[in-house]
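Engineer: Here you go, input30.cif (mmCIF, C-alpha atoms):
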```cif
data_input
#
loop_
_atom_site.label_atom_id
_atom_site.label_comp_id
_atom_site.auth_asym_id
_atom_site.auth_seq_id
_atom_site.Cartn_x
_atom_site.Cartn_y
_atom_site.Cartn_z
CA MET R 1 14.54 7.12 -34.49
CA GLU R 2 16.63 3.96 -34.71
CA GLU R 3 14.90 0.63 -34.30
CA ILE R 4 15.73 -0.85 -30.93
CA ASN R 5 15.04 -4.49 -30.38
CA TYR R 6 13.33 -5.91 -27.33
CA ALA R 7 16.50 -7.39 -25.86
CA GLU R 8 18.22 -4.02 -25.99
CA LEU R 9 15.25 -2.27 -24.36
CA GLU R 10 15.26 -4.90 -21.66
CA ARG R 11 18.99 -4.49 -21.13
CA ARG R 12 18.61 -0.71 -20.73
CA PHE R 13 15.69 -1.24 -18.37
CA GLN R 14 17.69 -3.58 -16.14
CA GLU R 15 20.59 -1.14 -16.23
CA LYS R 16 18.31 1.60 -14.83
CA ILE R 17 17.08 -0.76 -12.12
CA ASP R 18 20.65 -1.70 -11.21
CA LYS R 19 21.54 2.00 -10.93
CA ASP R 20 18.53 2.54 -8.63
CA ILE R 21 16.84 4.83 -11.15
CA LYS R 22 13.07 4.67 -10.56
CA ILE R 23 10.73 3.52 -13.30
CA GLU R 24 7.86 5.92 -13.98
CA PRO R 25 4.50 5.19 -15.66
CA LYS R 26 5.35 6.30 -19.20
CA ASP R 27 8.81 4.69 -19.24
CA TRP R 28 9.36 1.53 -21.24
CA MET R 29 9.10 -1.61 -19.11
CA PRO R 30 8.95 -5.33 -19.87
CA ASP R 31 5.42 -6.64 -19.96
CA ASP R 32 6.18 -9.13 -17.16
CA TYR R 33 7.35 -6.28 -14.92
CA ARG R 34 4.10 -4.44 -15.60
CA GLN R 35 1.96 -7.54 -14.98
CA THR R 36 3.83 -8.49 -11.82
CA LEU R 37 3.33 -5.01 -10.42
CA ILE R 38 -0.34 -4.85 -11.40
CA ARG R 39 -0.90 -8.17 -9.64
CA GLN R 40 1.06 -7.19 -6.53
CA ILE R 41 -0.30 -3.63 -6.21
CA SER R 42 -3.90 -4.66 -6.79
CA GLN R 43 -3.60 -7.53 -4.27
CA HIS R 44 -2.15 -5.04 -1.85
CA ALA R 45 -5.02 -2.61 -2.51
CA HIS R 46 -7.58 -5.37 -2.03
CA SER R 47 -5.93 -6.33 1.27
CA GLU R 48 -6.32 -2.77 2.54
CA ILE R 49 -9.98 -2.67 1.51
CA VAL R 50 -10.93 -6.13 2.82
CA GLY R 51 -8.74 -5.38 5.85
CA MET R 52 -11.32 -2.78 6.93
CA LEU R 53 -13.90 -5.50 7.56
CA PRO R 54 -12.49 -7.46 10.55
CA GLU R 55 -11.98 -4.18 12.42
CA GLY R 56 -15.16 -2.55 11.18
CA ASN R 57 -16.85 -5.39 13.06
CA TRP R 58 -15.86 -3.77 16.39
CA ILE R 59 -16.36 -0.03 15.76
CA THR R 60 -19.84 0.05 17.25
CA ARG R 61 -18.71 -2.04 20.23
CA ALA R 62 -15.44 -0.30 21.12
CA PRO R 63 -15.18 -0.11 24.92
CA ASN R 64 -15.03 3.69 25.10
CA LEU R 65 -15.14 6.82 22.97
CA ARG R 66 -11.35 7.17 22.75
CA ARG R 67 -10.95 3.63 21.48
CA LYS R 68 -13.83 4.12 19.06
CA ALA R 69 -12.38 7.34 17.59
CA VAL R 70 -8.99 5.66 17.19
CA LEU R 71 -10.45 2.58 15.52
CA LEU R 72 -12.51 4.73 13.14
CA ALA R 73 -9.39 6.70 12.17
CA LYS R 74 -7.47 3.49 11.60
CA VAL R 75 -10.16 1.95 9.40
CA GLN R 76 -10.42 5.22 7.47
CA ASP R 77 -6.66 5.06 6.88
CA GLU R 78 -7.02 1.55 5.44
CA ALA R 79 -9.58 2.91 2.95
CA GLY R 80 -7.12 5.65 2.03
CA HIS R 81 -4.32 3.14 1.57
CA GLY R 82 -6.51 1.09 -0.73
CA LEU R 83 -7.19 4.19 -2.82
CA TYR R 84 -3.51 5.19 -3.10
CA LEU R 85 -2.79 1.68 -4.31
CA TYR R 86 -5.66 1.42 -6.81
CA SER R 87 -4.40 4.70 -8.31
CA ALA R 88 -0.86 3.33 -8.48
CA ALA R 89 -2.17 0.23 -10.29
CA GLU R 90 -4.02 2.49 -12.72
CA THR R 91 -0.77 4.19 -13.70
CA LEU R 92 0.27 0.80 -15.14
CA GLY R 93 -2.84 0.60 -17.28
CA ALA R 94 -5.00 -1.48 -14.92
CA ASP R 95 -8.69 -0.63 -15.22
CA ARG R 96 -10.08 0.35 -11.79
CA GLU R 97 -13.50 -1.17 -12.30
CA GLU R 98 -12.07 -4.42 -13.64
CA THR R 99 -9.58 -4.60 -10.78
CA ILE R 100 -12.40 -4.34 -8.25
CA ASP R 101 -14.57 -6.81 -10.16
CA ASP R 102 -11.68 -9.29 -10.05
CA LEU R 103 -11.74 -9.08 -6.27
CA HIS R 104 -15.49 -9.60 -6.18
CA SER R 105 -15.41 -12.56 -8.56
CA GLY R 106 -12.71 -14.28 -6.51
CA LYS R 107 -10.19 -14.04 -9.36
CA ALA R 108 -7.91 -11.68 -7.43
CA LYS R 109 -6.35 -12.54 -4.09
CA TYR R 110 -5.87 -10.49 -0.95
CA SER R 111 -3.99 -11.15 2.27
CA SER R 112 -5.34 -14.37 3.76
CA ILE R 113 -5.14 -12.98 7.33
CA PHE R 114 -8.39 -11.07 6.77
CA ASN R 115 -10.28 -14.32 6.36
CA TYR R 116 -10.06 -14.95 10.09
CA PRO R 117 -12.89 -13.73 12.33
CA THR R 118 -12.54 -11.05 15.02
CA LEU R 119 -14.24 -12.68 17.99
CA THR R 120 -13.34 -10.37 20.86
CA TRP R 121 -12.19 -6.80 21.49
CA ALA R 122 -8.67 -8.15 22.12
CA ASP R 123 -8.55 -9.09 18.45
CA MET R 124 -8.36 -5.34 17.68
CA GLY R 125 -5.20 -5.33 19.76
CA ALA R 126 -3.77 -8.44 18.14
CA ILE R 127 -4.50 -7.15 14.63
CA GLY R 128 -2.90 -3.76 15.23
CA TRP R 129 0.12 -5.23 16.96
CA LEU R 130 0.73 -8.36 14.84
CA VAL R 131 -1.03 -7.88 11.52
CA ASP R 132 -0.08 -4.23 11.09
CA GLY R 133 3.34 -5.07 12.51
CA ALA R 134 3.85 -7.74 9.86
CA ALA R 135 2.46 -5.41 7.19
CA ILE R 136 4.95 -2.70 8.16
CA MET R 137 7.78 -5.23 7.95
CA ASN R 138 6.67 -5.99 4.39
CA GLN R 139 5.98 -2.40 3.41
CA VAL R 140 9.04 -0.54 4.65
CA PRO R 141 11.31 -2.11 1.99
CA LEU R 142 8.61 -1.38 -0.62
CA CYS R 143 9.23 2.34 -0.05
CA ARG R 144 12.41 1.72 -2.11
CA CYS R 145 10.63 -0.33 -4.78
CA SER R 146 11.82 0.38 -8.33
CA TYR R 147 8.40 1.54 -9.51
CA GLY R 148 7.95 5.19 -8.57
CA PRO R 149 4.19 5.44 -7.96
CA TYR R 150 4.19 2.27 -5.80
CA ALA R 151 7.19 3.45 -3.79
CA ARG R 152 5.60 6.87 -3.19
CA ALA R 153 2.30 5.31 -2.12
CA MET R 154 4.23 3.09 0.32
CA VAL R 155 5.97 6.08 1.88
CA ARG R 156 2.57 7.56 2.73
CA VAL R 157 1.23 4.20 3.93
CA CYS R 158 4.20 3.51 6.20
CA LYS R 159 4.00 6.95 7.79
CA GLU R 160 0.38 6.28 8.68
CA GLU R 161 0.76 2.63 9.71
CA SER R 162 3.04 3.29 12.64
CA PHE R 163 0.14 4.60 14.70
CA HIS R 164 -1.85 1.49 13.80
CA GLN R 165 0.66 -0.85 15.36
CA ARG R 166 1.07 1.28 18.47
CA GLN R 167 -2.66 1.50 19.11
CA GLY R 168 -2.90 -2.30 18.83
CA PHE R 169 -0.03 -2.85 21.21
CA GLU R 170 -1.59 -0.37 23.63
CA ILE R 171 -4.84 -2.37 23.62
CA MET R 172 -2.92 -5.60 24.28
CA THR R 173 -0.84 -4.00 27.04
CA LYS R 174 -3.90 -2.64 28.82
CA LEU R 175 -5.69 -5.99 28.63
CA ALA R 176 -2.60 -7.89 29.75
CA GLN R 177 -2.39 -5.63 32.81
CA GLY R 178 -6.10 -5.96 33.51
CA THR R 179 -8.20 -8.56 35.31
CA PRO R 180 -7.35 -12.26 34.82
CA GLU R 181 -10.28 -12.47 32.37
CA GLN R 182 -8.93 -9.54 30.35
CA LYS R 183 -5.45 -11.01 30.29
CA ALA R 184 -6.87 -14.35 29.16
CA MET R 185 -8.72 -12.54 26.39
CA ALA R 186 -5.47 -10.94 25.21
CA GLN R 187 -3.67 -14.31 25.32
CA ASP R 188 -6.47 -15.95 23.37
CA ALA R 189 -6.26 -13.29 20.65
CA LEU R 190 -2.48 -13.77 20.44
CA ASN R 191 -3.00 -17.54 20.20
CA ARG R 192 -5.37 -17.18 17.28
CA PHE R 193 -3.50 -14.46 15.35
CA TRP R 194 0.13 -15.49 15.86
CA TRP R 195 0.38 -18.21 13.22
CA PRO R 196 -1.78 -16.49 10.58
CA SER R 197 0.46 -13.41 11.08
CA LEU R 198 3.56 -15.48 10.28
CA MET R 199 1.78 -16.76 7.18
CA MET R 200 1.31 -13.16 6.00
CA PHE R 201 4.89 -13.17 4.71
CA GLY R 202 3.92 -15.81 2.18
CA PRO R 203 5.34 -19.25 1.38
CA ASN R 204 8.89 -20.31 2.28
CA ASP R 205 11.50 -18.97 -0.13
CA ALA R 206 11.91 -22.40 -1.73
CA GLU R 207 8.19 -22.41 -2.58
CA SER R 208 7.88 -18.78 -3.62
CA LYS R 209 7.69 -18.66 -7.39
CA HIS R 210 7.89 -14.88 -7.85
CA THR R 211 10.67 -13.98 -5.43
CA ALA R 212 13.82 -14.30 -7.58
CA GLN R 213 12.55 -12.19 -10.46
CA SER R 214 11.01 -9.62 -8.12
CA VAL R 215 14.30 -9.22 -6.28
CA LYS R 216 16.14 -8.74 -9.59
CA TRP R 217 13.64 -6.03 -10.55
CA LYS R 218 13.90 -4.47 -7.10
CA ILE R 219 10.19 -4.80 -6.55
CA LYS R 220 11.10 -6.92 -3.55
CA ARG R 221 14.16 -6.19 -1.46
CA HIS R 222 13.99 -9.12 0.96
CA THR R 223 12.71 -12.66 0.73
CA ASN R 224 9.63 -13.92 2.58
CA ASP R 225 11.69 -15.91 5.08
CA GLU R 226 14.02 -12.99 5.83
CA LEU R 227 11.09 -10.73 6.64
CA ARG R 228 9.33 -13.42 8.67
CA GLN R 229 12.47 -13.97 10.76
CA GLN R 230 12.81 -10.24 11.33
CA PHE R 231 9.18 -10.11 12.49
CA VAL R 232 9.63 -12.98 14.94
CA ASP R 233 12.85 -11.44 16.30
CA VAL R 234 11.25 -8.10 17.12
CA THR R 235 7.86 -9.40 18.26
CA VAL R 236 8.83 -12.13 20.75
CA PRO R 237 10.46 -9.70 23.22
CA GLN R 238 7.40 -7.41 22.95
CA ALA R 239 5.15 -10.30 24.00
CA GLU R 240 7.45 -11.13 26.90
CA MET R 241 7.46 -7.50 28.01
CA ILE R 242 3.67 -7.48 28.47
CA GLY R 243 3.58 -10.98 29.98
CA LEU R 244 1.95 -12.84 27.10
CA THR R 245 3.14 -16.17 25.72
CA ILE R 246 3.81 -16.87 22.05
CA PRO R 247 1.86 -20.05 21.22
CA ASP R 248 4.84 -22.00 19.89
CA LYS R 249 6.44 -24.75 22.00
CA ASP R 250 9.43 -24.90 19.62
CA LEU R 251 10.26 -21.21 19.98
CA LYS R 252 13.75 -20.62 21.35
CA PHE R 253 16.48 -18.04 21.08
CA ASN R 254 19.62 -19.19 19.33
CA GLU R 255 22.57 -17.43 21.00
CA ALA R 256 24.90 -18.29 18.12
CA THR R 257 22.78 -16.76 15.34
CA GLY R 258 21.11 -14.07 17.43
CA HIS R 259 17.74 -15.14 16.03
CA TYR R 260 14.70 -16.93 17.38
CA GLU R 261 14.02 -20.39 16.01
CA PHE R 262 10.36 -21.13 15.60
CA GLY R 263 8.08 -24.08 14.87
CA GLU R 264 6.74 -25.35 11.58
CA ILE R 265 4.00 -23.24 10.00
CA ASN R 266 0.86 -25.12 9.02
CA TRP R 267 1.13 -24.52 5.28
CA ASP R 268 -1.84 -26.71 4.58
CA GLU R 269 -4.01 -24.25 6.49
CA PHE R 270 -2.39 -21.36 4.59
CA TRP R 271 -3.17 -22.85 1.17
CA GLN R 272 -6.67 -23.78 2.27
CA VAL R 273 -7.39 -20.17 3.24
CA VAL R 274 -5.78 -18.84 0.04
CA ALA R 275 -7.94 -21.24 -1.94
CA GLY R 276 -11.05 -19.70 -0.40
CA ASN R 277 -11.75 -22.15 2.41
CA GLY R 278 -10.89 -19.93 5.37
CA PRO R 279 -13.47 -19.17 8.06
CA CYS R 280 -14.58 -15.84 6.53
CA ASN R 281 -13.62 -15.83 2.83
CA LYS R 282 -17.19 -15.98 1.58
CA ASP R 283 -18.43 -13.44 4.11
CA ARG R 284 -15.71 -10.91 3.22
CA ILE R 285 -16.39 -11.05 -0.51
CA ASP R 286 -20.16 -11.00 -0.04
CA THR R 287 -19.80 -7.89 2.12
CA ARG R 288 -17.63 -6.11 -0.48
CA ARG R 289 -19.99 -7.08 -3.29
CA LYS R 290 -23.02 -5.83 -1.35
CA ALA R 291 -21.23 -2.58 -0.54
CA LYS R 292 -20.68 -2.00 -4.23
CA GLU R 293 -24.25 -2.91 -5.20
CA ASN R 294 -25.78 -0.79 -2.45
CA GLY R 295 -23.67 2.20 -3.45
CA GLU R 296 -24.66 1.99 -7.09
CA TRP R 297 -27.50 4.53 -6.80
CA VAL R 298 -25.17 7.04 -5.11
CA ARG R 299 -22.63 6.75 -7.90
CA GLU R 300 -25.37 7.05 -10.50
CA ALA R 301 -26.78 10.17 -8.82
CA ALA R 302 -23.32 11.76 -8.63
CA SER R 303 -22.71 11.05 -12.31
CA ALA R 304 -26.11 12.46 -13.26
CA TYR R 305 -25.46 15.60 -11.20
CA ALA R 306 -22.02 16.06 -12.77
CA ALA R 307 -23.47 15.67 -16.26
CA LYS R 308 -26.23 18.19 -15.53
CA GLN R 309 -23.81 20.73 -14.07
CA ALA R 310 -21.52 20.37 -17.08
CA GLU R 311 -24.50 20.96 -19.37
CA LEU R 312 -25.60 24.07 -17.46
CA LYS R 313 -22.07 25.41 -17.68
CA ARG R 314 -22.06 24.97 -21.46
CA ALA R 315 -25.43 26.67 -21.91
CA MET F 316 -23.86 4.62 -15.41
CA SER F 317 -21.21 3.41 -12.97
CA THR F 318 -17.94 4.64 -11.50
CA HIS F 319 -16.47 3.41 -14.74
CA GLU F 320 -17.36 6.74 -16.26
CA TRP F 321 -15.97 8.78 -13.40
CA PRO F 322 -12.90 10.55 -14.69
CA LEU F 323 -9.44 10.29 -13.15
CA TRP F 324 -8.09 13.41 -11.45
CA GLU F 325 -4.54 14.34 -10.54
CA VAL F 326 -4.22 15.93 -7.11
CA PHE F 327 -1.84 18.74 -6.18
CA ILE F 328 -1.45 19.95 -2.60
CA ARG F 329 0.06 23.10 -1.15
CA SER F 330 1.39 21.93 2.19
CA LYS F 331 1.80 25.42 3.66
CA ALA F 332 1.73 29.06 2.64
CA GLY F 333 4.84 29.95 0.70
CA LEU F 334 5.29 26.55 -0.93
CA ASN F 335 4.12 25.47 -4.37
CA HIS F 336 1.42 22.90 -5.04
CA LYS F 337 2.93 19.48 -5.46
CA HIS F 338 1.56 16.38 -7.15
CA VAL F 339 0.56 13.76 -4.56
CA GLY F 340 -1.42 11.17 -6.51
CA SER F 341 -4.71 10.65 -8.26
CA LEU F 342 -8.28 9.61 -7.60
CA ARG F 343 -11.61 9.13 -9.31
CA ALA F 344 -14.54 11.51 -8.90
CA ALA F 345 -17.69 12.49 -10.80
CA ASP F 346 -16.79 16.18 -10.95
CA ALA F 347 -14.21 18.71 -9.80
CA GLU F 348 -16.02 19.54 -6.58
CA MET F 349 -16.17 15.88 -5.57
CA ALA F 350 -12.54 15.47 -6.58
CA VAL F 351 -11.54 18.21 -4.12
CA GLU F 352 -13.63 16.66 -1.34
CA ASN F 353 -12.22 13.20 -1.99
CA ALA F 354 -8.70 14.61 -2.17
CA ARG F 355 -9.27 16.17 1.25
CA ASP F 356 -10.17 12.74 2.67
CA VAL F 357 -7.60 10.69 0.77
CA TYR F 358 -4.55 12.95 0.82
CA THR F 359 -4.85 15.35 3.78
CA ARG F 360 -6.01 13.26 6.75
CA ARG F 361 -3.04 14.50 8.79
CA SER F 362 -3.12 18.20 7.91
CA GLU F 363 -0.81 17.76 4.92
CA GLY F 364 -2.34 20.70 3.07
CA ILE F 365 -3.91 24.15 3.08
CA SER F 366 -4.92 24.19 -0.58
CA ILE F 367 -5.86 21.58 -3.18
CA TRP F 368 -5.78 21.67 -6.96
CA VAL F 369 -7.36 18.94 -9.03
CA VAL F 370 -6.84 18.53 -12.77
CA GLU F 371 -8.46 15.93 -14.96
CA SER F 372 -5.71 13.51 -15.93
CA LYS F 373 -6.72 13.58 -19.59
CA ASP F 374 -6.02 17.32 -19.71
CA ILE F 375 -2.36 16.89 -18.81
CA TYR F 376 -0.04 16.90 -21.80
CA ALA F 377 3.28 15.37 -20.86
CA SER F 378 6.67 15.18 -22.50
CA ASP F 379 7.64 11.85 -23.99
CA PRO F 380 10.20 9.97 -21.86
CA THR F 381 11.73 8.31 -24.92
CA GLU F 382 12.57 11.77 -26.25
CA ALA F 383 13.88 13.11 -22.97
CA ASP F 384 17.51 13.09 -24.12
CA ALA F 385 16.81 15.27 -27.13
CA LEU F 386 14.42 17.50 -25.21
CA PHE F 387 16.83 18.31 -22.40
CA GLU F 388 20.09 18.18 -24.35
CA PRO F 389 20.27 21.97 -24.95
CA ALA F 390 20.63 22.58 -21.22
CA ASP F 391 23.30 19.91 -20.77
CA SER F 392 25.71 21.63 -23.13
CA LYS F 393 25.45 25.09 -21.53
CA ILE F 394 27.61 24.79 -18.48
CA TYR F 395 28.23 28.57 -18.60
CA ARG F 396 24.73 28.98 -17.11
CA HIS F 397 26.14 27.87 -13.77
CA PRO F 398 28.20 30.17 -11.53
CA THR F 399 30.85 27.50 -11.05
CA PHE F 400 31.84 27.96 -14.73
CA TYR F 401 33.52 31.28 -13.95
CA ASP F 402 36.92 31.98 -12.41
CA VAL F 403 36.80 34.42 -9.55
CA PRO F 404 40.17 35.80 -8.37
CA ASP F 405 41.19 34.99 -4.81
CA GLY F 406 40.23 37.68 -2.34
CA ILE F 407 36.98 38.60 -4.08
CA SER F 408 33.97 38.18 -1.80
CA HIS F 409 30.22 38.84 -1.99
CA MET F 410 30.03 37.27 -5.44
#
```
Mind turning this structure into structure tokens?

Structural biologist:
Amino acid sequence: MEEINYAELERRFQEKIDKDIKIEPKDWMPDDYRQTLIRQISQHAHSEIVGMLPEGNWITRAPNLRRKAVLLAKVQDEAGHGLYLYSAAETLGADREETIDDLHSGKAKYSSIFNYPTLTWADMGAIGWLVDGAAIMNQVPLCRCSYGPYARAMVRVCKEESFHQRQGFEIMTKLAQGTPEQKAMAQDALNRFWWPSLMMFGPNDAESKHTAQSVKWKIKRHTNDELRQQFVDVTVPQAEMIGLTIPDKDLKFNEATGHYEFGEINWDEFWQVVAGNGPCNKDRIDTRRKAKENGEWVREAASAYAAKQAELKRA
Amino acid sequence: MSTHEWPLWEVFIRSKAGLNHKHVGSLRAADAEMAVENARDVYTRRSEGISIWVVESKDIYASDPTEADALFEPADSKIYRHPTFYDVPDGISHM
């Protein structure tokens, strides 16, 4: 076979991307493309896994059996989403064990929203409505991502997420229509989760170091600010509909642009939480680490059983 | 021993009777039985399947994408394998 230089391989690769031809695991890809995807997919997987914790906090205290069954199903879905994504990262050559260890050592990041505590039942509503709502906004364009296994995982995730957002909005609606105390609880949850939800889209475009390249590679289809604006535009009317107030005194609808204008995000808080100084960072990682340690004997037993069965089969 | 040694499995699901098994993704499990149980939980939470196959990923031998052109070229040049290659006189039906 003829020798093809790196520049030519890269040119052919970009040509495929431009033609919307998906990249599959064994195809040639630039190392930066591979590393960018490994970082993004594993962060995404970690977010699903750590994302189980704030909600897991309320499973035993759900107000009735219906709500409990729903919350269990939702948390189980998050586990599933994490597993689809870890598998997708493995197709790029990421080692599963190492990927998980990177989360536990603090080397790998996950969505900073999960470092906020869930103080009341209304937080289950706010998370489903706002956090899953923001996640869907991010994930729908990822269904068309240039990397096949990631795109396919996202199709499954998005199909399942839509119930998550609806169940959250249902909780908020019911509380908002309830007693004054219940409505206040819903408003309080909205107050605490609104700004962190806007931060979920990441830094402003001007500050976002990965955006331009990711858009060129069709890993990303929209910028952080575009998605954030879209989220605000669809969510504000939903809050109004159920009689809750968005905690932003600068929020106003601009007739000319057809978009809501909103106040300045506290980026200092965002970077503090990313850096590990959020209210629950340490707790989340400790919980994950303990879960792994406490499950060690189960994994060992399963491995021993598998080895024994394989031996019996050979005999 | 840790999960590190658990092999990777590819999962194939038959969504309903009459359709073929289709690849849906992969997972890690200690043995085939556990792979099927995990596949049930990971890939069929919404009744997506009536049958599951699992195959250890290392047992799959795949064609090389860099040689795809040469591998599939013989089919490209045989347009007479398609019905549209043939002229059918006007007025002929059921063909």

Engineer: Atom CA of Ser197 of chain R and atom CA of Tyr33 of chain R are how many Å apart?

Structural biologist: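 We find that atom CA of Ser197 of chain R and atom CA of Tyr33 of chain R lie 27.8 Å from each other.
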
Engineer: Go through the shown structure with the PyMOL selection byres ((chain F) within 10 of (chain R)) and write out the matching residues as a PyMOL selection string.

Structural biologist: chain F and resi 316-321+323-325+339-349+353+356-358+360-361+377-382

Engineer: For the PyMOL selection byres ((chain R and resi 250) around 8), applied here, can you spell out every residue it catches as a list in words?

Structural biologist: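 Applied to this file, the PyMOL selection byres ((chain R and resi 250) around 8) selects Asp248, Lys249, Leu251, Lys252, Glu261, Phe262 and Gly263 of chain R.
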
Engineer: Just the residues within 12 Å of Gly333 of chain F, please, counting all atoms listed in the file, with nothing from its chain fewer than 4 positions along; format it as a list of chain:residue names.

Structural biologist: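 So, after excluding close chain neighbours, the residues are F:Arg329, F:Gly364, F:Ile365, F:Ser366.
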
Engineer: Given the selection you just returned, output its residues as a file containing C-alpha atoms, formatted as a compact mmCIF listing (two decimals), keeping the file's coordinate frame.

Structural biologist:
```
# COMPACT_ATOMS: atom_id res chain seq x y z
CA ARG F 329 0.06 23.10 -1.15
CA GLY F 364 -2.34 20.70 3.07
CA ILE F 365 -3.91 24.15 3.08
CA SER F 366 -4.92 24.19 -0.58
```

Engineer: Neighbouring residues of Met410 of chain F were defined as those with any atom within 12 Å, considering all atoms listed in the file; residues of the same chain fewer than 3 positions away were excluded. Please report them as an MDAnalysis selection string.

Structural biologist: chainID F and resid 398:399 401:407

Engineer: As an exercise, work out the distance from atom CA of Gln40 of chain R to atom CA of Gln167 of chain R in Å and give it to one decimal place.

Structural biologist: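 Computing it gives 27.3 Å between the two atoms.
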
Engineer: Which residues fall under the PyMOL selection byres ((chain R and resi 226-241) around 10) in this file, as a PyMOL selection string?

Structural biologist: chain R and resi 129-130+133-138+141+169+172-173+176+187+190+194+197-202+204-205+221-225+242-246+251-253+258-262

Engineer: What is the distance, in Å and to one decimal place, between atom CA of Arg39 of chain R and atom CA of Tyr150 of chain R?

Structural biologist: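 These atoms are spaced 12.2 Å apart.
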
Engineer: Ranking F:Ser330, F:Ser392, F:Ser408, F:Asn335 by minimum distance to Thr359 of chain F and counting all atoms listed in the file, which one comes first?

Structural biologist: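 Closest candidate: F:Ser330.
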
Engineer: Using all atoms listed in the file, can you tell me which of R:Ala89, R:Val140, R:Leu65, R:Met52 comes closest to Arg34 of chain R?

Structural biologist: R:Ala89
